[in-house]
Amino acid sequence: MDATLTEFMTFCVLLDLYRGVPRLYANFNGYDEMAHEHGVLHAEALWMLRWIDSRLVEIERLSREAMRVGYDLFIISDHGMASAISFKARFGQTLGEFVSQAMHLDVDFDAGEESAAAARALRARYLIAALRDSQSRLPPWARRLARRTRRPLLNYLSREEPAYDWQLEGEVVVQVSGPLAHIYFRVTSQPMDLPEVALLYAEFMQHLVGHDGIELVVGRDADQVIVLGRKGGVLTATADKIDSQGLDPLEAFDDRDYVLRELKHLVQLPTSGDLVLLGRLFDTGEVITFEEQEATHGGLGGGQDKPFIIYPAALSPSLPMIESPEALYQWLIARYPL
């Protein structure tokens, strides 16, 4: 299936290059899927990487030949990837099961293996819609190819899409994505501050903070961000002040300032959980993931913090130091205005 998506995406890009579309953006997700399932350097993942590379060669060749437009080709990873140990494999239960046991409550939703299937199904739906919308603008031979491509996507979707019940009515919701988890306490309609959680769920917090599979427990208190470390340290940060007690909760991370900046941004988002958890980061660079994965990303620490960008050498003098996706986006739209 991943090879089919790669071929379809390549076909779309080549067609738009031939038509002279001024700006193109395409996602090649095959390596990501294979690495999650098998591991960063597994033979299946590396085969997919070589397959994608061969398709990029085709795209690069045609972009050079499209002289009337003059394309610049950028190859960007939206994240890195870290070798992972699943929470369930290490501790014999999912994070949701652990939370349920520690709180003596039923947990409504624990995203694990199903979330990967849901993501694949969402991509399949997107591609089906894109094929349907584009068919009327394609020449006859391309329309026939598009119709044939839709069939395996529809078959794939019917097999993979899980039957979800999104009517969540319990007191606690656990939502995970790789080594990152959000816990929501629905005893109130408003986001809860960390001191409130600690007061209402004191026994649970004792089980959670210091758990061998959880590096950080993060919450908010008004305009403060509170970071609780696995070894008992506490860090409190506001916009202009940082206070730390005990062992530094961020000692496991190479770039402490970057990690703190990202945590402050995350927990202040309106959709963020009442508690945010990061899976443990080992000295080896391996990370505890809350999904069933051999490699992971979405949290902080290890290889997942190391994305890359490949760009034309001629642009080096004009390309500033890029420290965030937002900065890269601003540079791109300034250089290639809509």
# chains A, B, ... in the order shown; residues from 1 in each chain; ligands from 1

call {"tool": "closest_atom_pairs", "arguments": {"of": "range 271-338 of chain A", "to": "range 169-178 of chain A", "cutoff": "8 Å", "atoms": "only C-alpha atoms", "output": "Markdown table"}}
result
| residue | atom | partner | partner_atom | distance |
| --- | --- | --- | --- | --- |
| A:Thr289 | CA | A:Gly178 | CA | 5.0 |
| A:Phe290 | CA | A:Gly178 | CA | 5.5 |
| A:Glu291 | CA | A:Gly178 | CA | 5.5 |
| A:Gln293 | CA | A:Gly178 | CA | 7.8 |
| A:Thr296 | CA | A:Gly178 | CA | 5.6 |
| A:His297 | CA | A:Gly178 | CA | 5.9 |
| A:Gly298 | CA | A:Gly178 | CA | 5.9 |
| A:Gly299 | CA | A:Gly178 | CA | 7.2 |

call {"tool": "select_by_dssp", "arguments": {"residues": "range 231-327 of chain A", "states": "alpha helix (DSSP H)", "output": "short mmCIF file (atom, residue, chain, number, x, y, z; two decimals) with C-alpha atoms, in the first residue's frame"}}
result
data_model
loop_
_atom_site.label_atom_id
_atom_site.label_comp_id
_atom_site.auth_asym_id
_atom_site.auth_seq_id
_atom_site.Cartn_x
_atom_site.Cartn_y
_atom_site.Cartn_z
CA ARG A 256 17.28 22.06 27.57
CA ASP A 257 16.19 25.52 26.38
CA TYR A 258 14.57 24.10 23.25
CA VAL A 259 12.68 21.44 25.22
CA LEU A 260 11.38 23.97 27.74
CA ARG A 261 10.30 26.34 24.98
CA GLU A 262 8.37 23.57 23.22
CA LEU A 263 6.73 22.39 26.45
CA LYS A 264 5.61 25.93 27.31
CA HIS A 265 4.07 26.32 23.88
CA LEU A 266 2.35 22.92 24.00
CA VAL A 267 0.67 23.07 27.39
CA PRO A 325 8.70 24.90 11.15
CA GLU A 326 7.19 28.36 11.49
CA ALA A 327 10.50 30.01 10.59
#

call {"tool": "residues_around", "arguments": {"residues": "range 42-47 of chain A", "least_positions_apart": "3", "cutoff": "12 Å", "atoms": "only C-alpha atoms", "output": "PyMOL selection string"}}
result
chain A and resi 2-3+29-39+50-54+81+83+294-295

call {"tool": "residues_around", "arguments": {"residues": "Gly96 in chain A", "least_positions_apart": "6", "cutoff": "12 Å", "atoms": "only C-alpha atoms", "output": "count of residues only"}}
result
25

call {"tool": "select_by_dssp", "arguments": {"residues": "range 164-267 of chain A", "states": "strand (DSSP E or B)", "output": "JSON, numbers by chain"}}
result
{"A": [172, 173, 174, 175, 176, 177, 180, 181, 182, 183, 184, 185, 214, 215, 216, 217, 218, 219, 220, 221, 224, 225, 226, 227, 228, 229, 234, 235, 236, 237, 242, 243, 244, 245]}

call {"tool": "residues_around", "arguments": {"residues": "Leu332 in chain A", "least_positions_apart": "6", "cutoff": "12 Å", "atoms": "only C-alpha atoms", "output": "PyMOL selection string"}}
result
chain A and resi 23+25+72-74+311+315+318-320+322+325-326+338

call {"tool": "closest_residue", "arguments": {"among": "A:Met321, A:Met205, A:Met192, A:His211", "to": "Thr271 in chain A", "atoms": "only C-alpha atoms"}}
result
A:Met192

call {"tool": "atom_distance", "arguments": {"atom1": "CA of Leu200 in chain A", "atom2": "CA of Ile242 in chain A"}}
result
26.2 Å

call {"tool": "closest_residue", "arguments": {"among": "A:Leu41, A:Leu235, A:Leu15, A:Leu49", "to": "Ala82 in chain A", "atoms": "only C-alpha atoms"}}
result
A:Leu41

call {"tool": "decode", "arguments": {"residues": "range 87-108 of chain A", "atoms": "N, CA and C atoms", "output": "tab-separated table (two decimals), in the first residue's frame"}}
result
chain	number	residue	atom	x	y	z
A	87	PHE	N	5.45	1.09	25.65
A	87	PHE	CA	5.06	1.07	27.07
A	87	PHE	C	4.44	-0.28	27.42
A	88	LYS	N	3.62	-0.80	26.52
A	88	LYS	CA	2.95	-2.07	26.78
A	88	LYS	C	3.95	-3.22	26.84
A	89	ALA	N	4.93	-3.23	25.92
A	89	ALA	CA	5.92	-4.30	25.92
A	89	ALA	C	6.78	-4.25	27.18
A	90	ARG	N	7.07	-3.04	27.65
A	90	ARG	CA	7.96	-2.89	28.80
A	90	ARG	C	7.23	-3.17	30.12
A	91	PHE	N	5.97	-2.74	30.22
A	91	PHE	CA	5.29	-2.80	31.51
A	91	PHE	C	4.05	-3.69	31.52
A	92	GLY	N	3.76	-4.32	30.39
A	92	GLY	CA	2.68	-5.29	30.35
A	92	GLY	C	1.28	-4.73	30.26
A	93	GLN	N	1.15	-3.43	30.05
A	93	GLN	CA	-0.16	-2.80	29.91
A	93	GLN	C	0.00	-1.50	29.14
A	94	THR	N	-1.06	-1.07	28.48
A	94	THR	CA	-1.02	0.21	27.79
A	94	THR	C	-1.05	1.34	28.81
A	95	LEU	N	-0.76	2.53	28.34
A	95	LEU	CA	-0.85	3.69	29.24
A	95	LEU	C	-2.27	3.85	29.75
A	96	GLY	N	-3.25	3.66	28.87
A	96	GLY	CA	-4.64	3.77	29.30
A	96	GLY	C	-4.99	2.78	30.38
A	97	GLU	N	-4.50	1.55	30.24
A	97	GLU	CA	-4.75	0.54	31.27
A	97	GLU	C	-4.08	0.90	32.59
A	98	PHE	N	-2.87	1.45	32.49
A	98	PHE	CA	-2.18	1.89	33.71
A	98	PHE	C	-2.96	3.00	34.41
A	99	VAL	N	-3.42	3.99	33.63
A	99	VAL	CA	-4.18	5.09	34.22
A	99	VAL	C	-5.47	4.57	34.85
A	100	SER	N	-6.16	3.69	34.15
A	100	SER	CA	-7.40	3.12	34.68
A	100	SER	C	-7.16	2.38	35.99
A	101	GLN	N	-6.09	1.60	36.04
A	101	GLN	CA	-5.78	0.85	37.25
A	101	GLN	C	-5.39	1.77	38.40
A	102	ALA	N	-4.58	2.78	38.10
A	102	ALA	CA	-4.10	3.68	39.15
A	102	ALA	C	-5.21	4.57	39.69
A	103	MET	N	-6.20	4.88	38.85
A	103	MET	CA	-7.28	5.77	39.28
A	103	MET	C	-8.53	5.02	39.72
A	104	HIS	N	-8.55	3.70	39.49
A	104	HIS	CA	-9.73	2.89	39.81
A	104	HIS	C	-10.95	3.40	39.05
A	105	LEU	N	-10.71	3.80	37.80
A	105	LEU	CA	-11.77	4.32	36.94
A	105	LEU	C	-11.63	3.72	35.55
A	106	ASP	N	-12.73	3.70	34.81
A	106	ASP	CA	-12.67	3.31	33.41
A	106	ASP	C	-12.15	4.49	32.59
A	107	VAL	N	-11.22	4.21	31.70
A	107	VAL	CA	-10.70	5.24	30.80
A	107	VAL	C	-11.38	5.05	29.46
A	108	ASP	N	-11.93	6.14	28.94
A	108	ASP	CA	-12.76	6.04	27.75
A	108	ASP	C	-12.01	5.69	26.48
